[in-house]
Each structure stands twice: as structure tokens, then as C-alpha cells.
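Undergrad: Here you go, query.txt (compact mmCIF, C-alpha atoms):
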```txt
# COMPACT_ATOMS: atom_id res chain seq x y z
CA MET A 27 -10.16 4.62 27.01
CA ASN A 28 -8.01 7.75 27.00
CA GLU A 29 -4.97 5.74 25.90
CA ARG A 30 -6.93 4.15 23.10
CA SER A 31 -8.20 7.54 22.07
CA ALA A 32 -4.65 8.85 22.09
CA GLN A 33 -3.52 5.95 19.92
CA ALA A 34 -6.39 6.55 17.48
CA ARG A 35 -5.58 10.26 17.32
CA TRP A 36 -1.92 9.48 16.67
CA GLU A 37 -2.77 7.07 13.84
CA ARG A 38 -5.20 9.55 12.30
CA ARG A 39 -2.76 12.47 12.45
CA THR A 40 0.28 10.55 11.17
CA GLN A 41 -1.42 8.70 8.32
CA ARG A 42 -0.93 11.37 5.64
CA PRO A 43 2.62 12.37 6.69
CA LEU A 44 3.70 8.74 6.61
CA LEU A 45 2.15 8.24 3.19
CA ALA A 46 4.02 11.34 1.99
CA LEU A 47 7.24 9.89 3.40
CA ALA A 48 6.50 6.65 1.57
CA VAL A 49 6.27 8.60 -1.69
CA ALA A 50 9.61 10.23 -0.88
CA PHE A 51 11.05 6.76 -0.27
CA ALA A 52 9.75 5.60 -3.66
CA VAL A 53 11.48 8.51 -5.38
CA ALA A 54 14.70 7.95 -3.44
CA TYR A 55 14.67 4.27 -4.29
CA ALA A 56 13.96 4.83 -7.99
CA VAL A 57 16.39 7.65 -8.81
CA PRO A 58 19.69 5.74 -8.41
CA ILE A 59 18.30 2.81 -10.42
CA VAL A 60 16.83 4.81 -13.29
CA ASP A 61 19.70 7.32 -13.38
CA ASN A 62 22.46 4.72 -13.63
CA PRO A 63 25.23 5.39 -12.86
CA ALA A 64 24.07 8.08 -10.43
CA ARG A 65 26.43 10.62 -8.92
CA ARG A 66 27.76 9.83 -5.48
CA SER A 67 26.02 12.84 -3.94
CA VAL A 68 22.67 11.72 -5.38
CA THR A 69 23.20 8.19 -4.09
CA VAL A 70 24.08 9.46 -0.61
CA VAL A 71 21.00 11.70 -0.46
CA CYS A 72 18.71 8.91 -1.67
CA THR A 73 20.15 6.40 0.80
CA ALA A 74 19.77 8.89 3.65
CA THR A 75 16.17 9.52 2.60
CA GLU A 76 15.42 5.80 2.68
CA TRP A 77 16.80 5.46 6.20
CA VAL A 78 14.91 8.55 7.36
CA VAL A 79 11.64 7.07 6.08
CA TRP A 80 12.37 3.77 7.78
CA ALA A 81 13.19 5.63 11.01
CA ALA A 82 9.88 7.52 10.79
CA PHE A 83 7.95 4.26 10.54
CA ALA A 84 9.99 2.82 13.42
CA VAL A 85 9.14 5.84 15.59
CA ASP A 86 5.49 5.47 14.56
CA TYR A 87 5.51 1.83 15.69
CA LEU A 88 7.12 2.71 19.03
CA MET A 89 4.62 5.53 19.61
CA ARG A 90 1.64 3.30 18.90
CA LEU A 91 3.15 0.69 21.21
CA ALA A 92 3.55 3.30 23.95
CA LEU A 93 0.01 4.63 23.55
CA THR A 94 -1.77 1.28 23.50
CA PRO A 95 -3.11 -0.01 26.85
CA ARG A 96 -2.29 -3.66 26.00
CA ARG A 97 1.28 -3.76 24.75
CA ARG A 98 1.65 -7.54 24.63
CA GLU A 99 -1.52 -7.90 22.60
CA PHE A 100 -0.37 -5.09 20.31
CA VAL A 101 2.97 -6.80 19.65
CA ARG A 102 1.23 -10.13 19.05
CA THR A 103 -1.34 -8.71 16.63
CA HIS A 104 1.13 -6.37 14.88
CA TRP A 105 4.02 -8.78 14.47
CA MET A 106 4.37 -7.89 10.77
CA ASP A 107 4.95 -4.26 11.74
CA LEU A 108 7.67 -5.36 14.16
CA CYS A 109 9.35 -7.56 11.52
CA ALA A 110 9.25 -4.70 9.02
CA VAL A 111 10.90 -2.38 11.54
CA VAL A 112 13.60 -4.88 12.57
CA LEU A 113 14.25 -6.26 9.07
CA PRO A 114 16.58 -3.50 7.77
CA LEU A 115 18.71 -3.74 10.93
CA LEU A 116 19.56 -7.39 10.33
CA GLN A 117 21.23 -6.72 6.99
CA PRO A 118 21.30 -3.16 5.61
CA LEU A 119 20.27 -3.93 2.02
CA ARG A 120 18.24 -1.51 -0.05
CA LEU A 121 15.90 -4.32 -1.05
CA LEU A 122 15.14 -5.11 2.60
CA ARG A 123 14.39 -1.44 3.26
CA MET A 124 12.02 -1.49 0.28
CA VAL A 125 10.21 -4.60 1.56
CA SER A 126 9.91 -3.23 5.09
CA THR A 127 8.55 0.11 3.86
CA LEU A 128 5.96 -1.61 1.67
CA LEU A 129 4.83 -3.72 4.62
CA LEU A 130 4.52 -0.72 6.93
CA VAL A 131 2.66 1.39 4.38
CA GLY A 132 0.27 -1.48 3.74
CA ARG A 133 -0.38 -2.02 7.43
CA ARG A 134 -1.08 1.65 8.07
CA ALA A 135 -3.28 1.91 4.96
CA ARG A 136 -5.47 -0.95 6.16
CA MET A 137 -6.06 0.89 9.44
CA ALA A 138 -7.74 3.76 7.62
CA SER A 139 -11.45 3.03 7.36
CA GLN A 140 -11.95 5.57 4.61
CA ILE A 141 -9.64 3.69 2.23
CA ARG A 142 -11.79 1.23 0.37
CA LEU A 143 -10.71 -2.20 -0.76
CA THR A 144 -10.63 -1.25 -4.43
CA THR A 145 -8.36 1.72 -3.77
CA TYR A 146 -6.07 -0.39 -1.63
CA VAL A 147 -5.82 -3.14 -4.24
CA GLY A 148 -5.17 -0.61 -7.00
CA GLY A 149 -2.43 1.05 -4.97
CA ALA A 150 -0.92 -2.34 -4.14
CA VAL A 151 -0.82 -3.31 -7.83
CA ILE A 152 0.85 -0.04 -8.84
CA GLY A 153 3.32 -0.23 -5.96
CA LEU A 154 4.26 -3.83 -6.65
CA LEU A 155 4.70 -3.17 -10.35
CA MET A 156 6.88 -0.14 -9.71
CA PHE A 157 9.04 -1.60 -6.96
CA GLY A 158 9.22 -5.00 -8.64
CA SER A 159 10.44 -3.42 -11.87
CA LEU A 160 13.03 -1.29 -10.11
CA ALA A 161 14.21 -4.11 -7.87
CA VAL A 162 14.68 -6.64 -10.68
CA LEU A 163 16.35 -4.02 -12.86
CA SER A 164 18.83 -3.16 -10.10
CA VAL A 165 19.93 -6.80 -9.67
CA GLU A 166 19.65 -8.02 -13.28
CA ARG A 167 21.03 -5.10 -15.29
CA ASP A 168 24.68 -5.98 -14.60
CA ALA A 169 24.23 -9.78 -14.50
CA PRO A 170 26.50 -11.57 -17.02
CA HIS A 171 23.68 -13.58 -18.59
CA GLY A 172 20.80 -11.24 -17.74
CA ASN A 173 18.31 -10.07 -20.36
CA ILE A 174 16.55 -7.37 -18.32
CA ARG A 175 18.68 -4.35 -19.20
CA THR A 176 16.25 -1.42 -19.44
CA LEU A 177 13.37 -0.05 -17.40
CA GLY A 178 10.96 -0.98 -20.20
CA ASP A 179 12.12 -4.59 -20.05
CA ALA A 180 11.68 -4.61 -16.27
CA VAL A 181 8.15 -3.15 -16.41
CA TRP A 182 7.10 -5.63 -19.10
CA TRP A 183 8.55 -8.50 -17.07
CA SER A 184 6.70 -7.31 -13.95
CA PHE A 185 3.38 -7.20 -15.83
CA THR A 186 3.78 -10.70 -17.24
CA THR A 187 4.99 -12.05 -13.90
CA MET A 188 2.24 -10.55 -11.74
CA THR A 189 -0.44 -11.76 -14.14
CA THR A 190 1.25 -15.22 -14.17
CA VAL A 191 1.40 -15.11 -17.99
CA GLY A 192 5.17 -15.55 -18.17
CA TYR A 193 6.00 -15.20 -21.86
CA GLY A 194 9.62 -16.11 -21.15
CA ASP A 195 11.11 -13.38 -23.35
CA HIS A 196 12.56 -11.79 -20.19
CA ALA A 197 13.49 -13.74 -17.08
CA PRO A 198 15.78 -13.17 -14.07
CA THR A 199 19.01 -15.13 -13.96
CA THR A 200 20.31 -14.23 -10.49
CA GLY A 201 19.18 -15.76 -7.22
CA LEU A 202 17.93 -12.45 -5.84
CA GLY A 203 16.09 -11.72 -9.09
CA ARG A 204 14.32 -15.06 -8.89
CA MET A 205 13.33 -14.35 -5.28
CA ILE A 206 11.78 -11.09 -6.47
CA ALA A 207 9.97 -13.03 -9.20
CA VAL A 208 8.54 -15.46 -6.64
CA GLY A 209 7.31 -12.57 -4.53
CA LEU A 210 5.66 -10.90 -7.53
CA MET A 211 3.98 -14.12 -8.63
CA LEU A 212 2.57 -14.82 -5.17
CA SER A 213 1.46 -11.20 -4.81
CA GLY A 214 -0.19 -11.27 -8.23
CA ILE A 215 -2.12 -14.44 -7.40
CA ALA A 216 -3.20 -13.01 -4.04
CA LEU A 217 -4.35 -9.69 -5.55
CA LEU A 218 -6.17 -11.50 -8.35
CA GLY A 219 -7.96 -13.56 -5.72
CA VAL A 220 -8.94 -10.42 -3.80
CA VAL A 221 -10.26 -8.73 -6.95
CA THR A 222 -12.19 -11.84 -7.98
CA ALA A 223 -13.68 -12.23 -4.51
CA ASN A 224 -14.61 -8.54 -4.43
CA ILE A 225 -16.36 -8.76 -7.81
CA ALA A 226 -18.16 -11.96 -6.78
CA ALA A 227 -19.27 -10.34 -3.51
CA TRP A 228 -20.60 -7.34 -5.46
CA PHE A 229 -22.63 -9.56 -7.77
CA ILE A 230 -23.96 -11.59 -4.84
CA SER A 231 -25.00 -8.43 -3.00
CA ARG A 232 -26.73 -7.18 -6.15
CA PHE A 233 -28.56 -10.48 -6.55
CA GLU A 234 -29.55 -10.43 -2.89
CA LYS A 235 -30.91 -6.90 -3.28
CA ASP A 236 -32.83 -7.94 -6.40
CA ASP A 237 -34.22 -11.01 -4.59
CA ALA A 238 -35.23 -8.89 -1.61
CA GLU A 239 -36.97 -6.39 -3.91
CA GLU A 240 -38.71 -9.22 -5.73
CA ARG A 241 -39.87 -10.75 -2.45
CA ARG A 242 -41.13 -7.36 -1.30
CA GLN A 243 -43.08 -6.87 -4.53
CA THR A 244 -44.48 -10.42 -4.32
CA LEU A 245 -45.61 -9.80 -0.74
CA ALA A 246 -47.19 -6.48 -1.74
CA ILE A 247 -49.05 -8.17 -4.61
CA ALA A 248 -50.26 -10.93 -2.27
CA GLU A 249 -51.49 -8.34 0.26
CA LEU A 250 -53.24 -6.43 -2.52
CA ALA A 251 -54.89 -9.61 -3.80
CA GLU A 252 -56.08 -10.41 -0.29
CA GLU A 253 -57.55 -6.93 0.06
CA VAL A 254 -59.31 -7.31 -3.31
CA ARG A 255 -60.71 -10.69 -2.20
CA LEU A 256 -61.99 -9.20 1.04
CA LEU A 257 -63.47 -6.26 -0.84
CA ARG A 258 -65.30 -8.58 -3.24
CA ALA A 259 -66.61 -10.60 -0.31
CA GLU A 260 -67.86 -7.41 1.32
CA VAL A 261 -69.51 -6.26 -1.93
CA ALA A 262 -71.17 -9.67 -2.33
CA ARG A 263 -72.47 -9.54 1.25
CA LEU A 264 -73.89 -6.05 0.80
CA THR A 265 -75.52 -7.07 -2.47
CA GLU A 266 -77.08 -10.10 -0.82
CA GLU A 267 -78.43 -7.99 2.05
CA ARG A 268 -79.96 -5.51 -0.40
CA GLU A 269 -81.66 -8.31 -2.31
CA GLN A 270 -83.06 -9.70 0.91
CA GLN A 271 -84.45 -6.26 1.88
CA ARG A 272 -86.17 -5.90 -1.51
CA SER A 273 -87.78 -9.28 -1.23
```
For the file at hand, write its structure as C-alpha cells.

TA:
Amino acid sequence: MNERSAQARWERRTQRPLLALAVAFAVAYAVPIVDNPARRSVTVVCTATEWVVWAAFAVDYLMRLALTPRRREFVRTHWMDLCAVVLPLLQPLRLLRMVSTLLLVGRRARMASQIRLTTYVGGAVIGLLMFGSLAVLSVERDAPHGNIRTLGDAVWWSFTTMTTVGYGDHAPTTGLGRMIAVGLMLSGIALLGVVTANIAAWFISRFEKDDAEERRQTLAIAELAEEVRLLRAEVARLTEEREQQRS
């Protein structure tokens, strides 16, 4: 119980610092892409920031693993966290560090009970649009036959891809760009399903509340009608007794 409490305290205390580090990672990832070509010093600082953020999430995972009383169960139920921590070590690509950081931020955000589903979905949409735009721009801008050359083109492409509209005016031509497109399309479909299910659940709950209120009112009316019937029967009995006394 004490170990679980320690783990819960750790997760509660580190939630905001890790989210702040995730914002720092987003800035470090975006600056070299938007400011192209960036100075070497800027690139070095941004790359170092990305690795520091990844290291912070790795330490967070190891601390939670150390504080949990059932380590095997923790590893089994948090396998995505482990993959996100190990992923950048397999091949040190900036895109892999971006994917791992998104996974870790998402996992930690879902642990916070105060973050509602709508807020989480909204943050996921904004994050995917931003990182998807930057990622596709970084791999398509210098492609020989690419047509995504500016940040505006990348953002427009991300919108049309996530919503599965796909106008075709901008499309990735490299293999890595197409992999990013597949990830955005699948994420867009999944988020659309979550939003649709959330809206449907809200309507169903509203209808259930309305039905419950209607049933309550119907029951109250039935009870009132029964009381009126009993009252009339009592009045009729008293009237009959009075008539009998007079006669």
C-alpha cells in the first residue's frame, strides 16, 4: 500500500513538469524545421533538448517501475511506455524521438483523472496536426518531386489527411512521408470514432435522464390519481353514513 501510494505521489508530482518538458520538446522539434536552414548552434541545442526530454521520460518510467509493488504486471500493462522509451535507442532519428515522446505524453495524460476525454482528444488533435505538419515538411521539403514546400502546405495537408478528405493537391512522395500520412489517417479515423462515440454517449445519457424524469413524473401522477380515488371513496362513504343517520 505504501509503495502504491509512493507511485501515485510520484505520478501526481511529475505530471506537470513532464508536460512542460513535452512543450519544450515541441519547440525544440519545430525550430530547426521552421527556421530552415537553422544555425548549427540552434540545431545542437534543439537536439540536446529533445534527448533531455526523452531521458526525463525514461527516468520517469524507471521510477514508476521501481515504486510499483508488481513490476512484472507493470511492464506487461505498460508495454507501450517501454517501447516508447526503447524506440529512440534502436535508431537515433528525430522522427522516432517525436513518436516516443507523443506516446509517453499520451500515456501520462490518460493517468490523470482530472483530464477529461474532450480535453484529451482536443490536445491529441492539435498535437497530431502540429507534429504531422512538421514531420512531413522536414522529409518532403527537399524531395526532388515533392510538392509540400512550406509550412502552410504541410498544415493544409495534415488537415485534409486527418479528416480523410484527401483533396490530392498536396501529397507526400517519399517513403517516410507516406508512412507519416498513414499514421495521420489512422489517427484521424480513431479520433473521429472517439468523438462520435462521446457525442452518442452524451445523447444517450440525456435521453436516459429524460426517460427517468418522465417515468418519475408518470409514477407521481399515478400515485396522485390513486390518492384522489381513495379520497373520493372516503368522501362517498362519509356521505352515505350521513344519509343513513338522517334517515

Undergrad: Pick out the closest residue to A:Pro95 from this set: A:Ala32, A:Ile215, A:Ile225, A:Ala74. Count all atoms listed in the file.

TA: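 Smallest distance to A:Pro95 is found for A:Ala32.
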
Undergrad: What lies within 12 Å of A:Leu47 using only C-alpha atoms, ignoring chain neighbours under 2 positions off, as a tab-separated table (two decimals) with C-alpha atoms, keeping the file's coordinate frame?

TA:
```
chain	number	residue	atom	x	y	z
A	40	THR	CA	0.28	10.55	11.17
A	41	GLN	CA	-1.42	8.70	8.32
A	42	ARG	CA	-0.93	11.37	5.64
A	43	PRO	CA	2.62	12.37	6.69
A	44	LEU	CA	3.70	8.74	6.61
A	45	LEU	CA	2.15	8.24	3.19
A	49	VAL	CA	6.27	8.60	-1.69
A	50	ALA	CA	9.61	10.23	-0.88
A	51	PHE	CA	11.05	6.76	-0.27
A	52	ALA	CA	9.75	5.60	-3.66
A	53	VAL	CA	11.48	8.51	-5.38
A	54	ALA	CA	14.70	7.95	-3.44
A	75	THR	CA	16.17	9.52	2.60
A	76	GLU	CA	15.42	5.80	2.68
A	77	TRP	CA	16.80	5.46	6.20
A	78	VAL	CA	14.91	8.55	7.36
A	79	VAL	CA	11.64	7.07	6.08
A	80	TRP	CA	12.37	3.77	7.78
A	81	ALA	CA	13.19	5.63	11.01
A	82	ALA	CA	9.88	7.52	10.79
A	83	PHE	CA	7.95	4.26	10.54
A	127	THR	CA	8.55	0.11	3.86
A	128	LEU	CA	5.96	-1.61	1.67
A	130	LEU	CA	4.52	-0.72	6.93
A	131	VAL	CA	2.66	1.39	4.38
```

Undergrad: Show which residues sit within 8 Å of A:Leu91, as a tab-separated table (two decimals) with C-alpha atoms, in the frame of the given file. Count all atoms listed in the file, and ignore same-chain residues fewer than 3 positions away.

TA:
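What landed in around_30.tsv:
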```tsv
chain	number	residue	atom	x	y	z
A	87	TYR	CA	5.51	1.83	15.69
A	88	LEU	CA	7.12	2.71	19.03
A	94	THR	CA	-1.77	1.28	23.50
A	97	ARG	CA	1.28	-3.76	24.75
A	100	PHE	CA	-0.37	-5.09	20.31
A	101	VAL	CA	2.97	-6.80	19.65
```

Undergrad: At a cut-off of 12 Å, using all atoms listed in the file, what residues contact A:Val191? Leave out same-chain residues fewer than 4 positions from it and give the result as a ChimeraX atom specification.

TA: /A:182-187,195-196,211,214-215

Undergrad: Quote the spacing between atom CA of A:Ala246 and atom CA of A:Arg232 in Å to one decimal place.

TA: 20.9 Å

Undergrad: Give the answer as one residue: which of A:Glu269, A:Gly192, A:Thr199, A:Ala150 has the shortest atom-to-atom distance to A:Ala169, using all atoms listed in the file?

TA: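 The shortest atom-to-atom distance to A:Ala169 comes from A:Thr199.
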
Undergrad: Using all atoms listed in the file for the distances, tell me which of A:Gly209, A:Leu108, A:Val221, A:Glu253 is nearest to A:Phe157.

TA: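 Looking only at the distances to A:Phe157, the closest residue turns out to be A:Gly209.
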
Undergrad: Suppose you want the space between atom CA of A:Leu160 and atom CA of A:Ala56; what is it in Å?

TA: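 Atom-to-atom, atom CA of A:Leu160 to atom CA of A:Ala56, that is 6.5 Å.
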
Undergrad: What's the separation between atom CA of A:Ala197 and atom CA of A:Met156, in Å to one decimal place?

TA: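 Separating atom CA of A:Ala197 from atom CA of A:Met156 is a distance of 16.8 Å.
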
Undergrad: Have a look at A:Ile59, A:Gln33, A:Ser231, A:Arg242 and name the one nearest to A:Ala180; count all atoms listed in the file.

TA: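 For A:Ala180, the nearest of the given residues is A:Ile59.
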
Undergrad: Which polymer residues have any atom within 12 Å of an atom of A:Asp168, counting only C-alpha atoms, with same-chain residues fewer than 2 positions away left out, as a ChimeraX atom specification?

TA: /A:59,62-63,162-166,170-176,198-200,203

Undergrad: Include C-alpha atoms and write out the residues we just selected as a CSV table (one decimal), in the frame of the given file.

TA:
```csv
chain,number,residue,atom,x,y,z
A,59,ILE,CA,18.3,2.8,-10.4
A,62,ASN,CA,22.5,4.7,-13.6
A,63,PRO,CA,25.2,5.4,-12.9
A,162,VAL,CA,14.7,-6.6,-10.7
A,163,LEU,CA,16.4,-4.0,-12.9
A,164,SER,CA,18.8,-3.2,-10.1
A,165,VAL,CA,19.9,-6.8,-9.7
A,166,GLU,CA,19.6,-8.0,-13.3
A,170,PRO,CA,26.5,-11.6,-17.0
A,171,HIS,CA,23.7,-13.6,-18.6
A,172,GLY,CA,20.8,-11.2,-17.7
A,173,ASN,CA,18.3,-10.1,-20.4
A,174,ILE,CA,16.6,-7.4,-18.3
A,175,ARG,CA,18.7,-4.4,-19.2
A,176,THR,CA,16.2,-1.4,-19.4
A,198,PRO,CA,15.8,-13.2,-14.1
A,199,THR,CA,19.0,-15.1,-14.0
A,200,THR,CA,20.3,-14.2,-10.5
A,203,GLY,CA,16.1,-11.7,-9.1
```
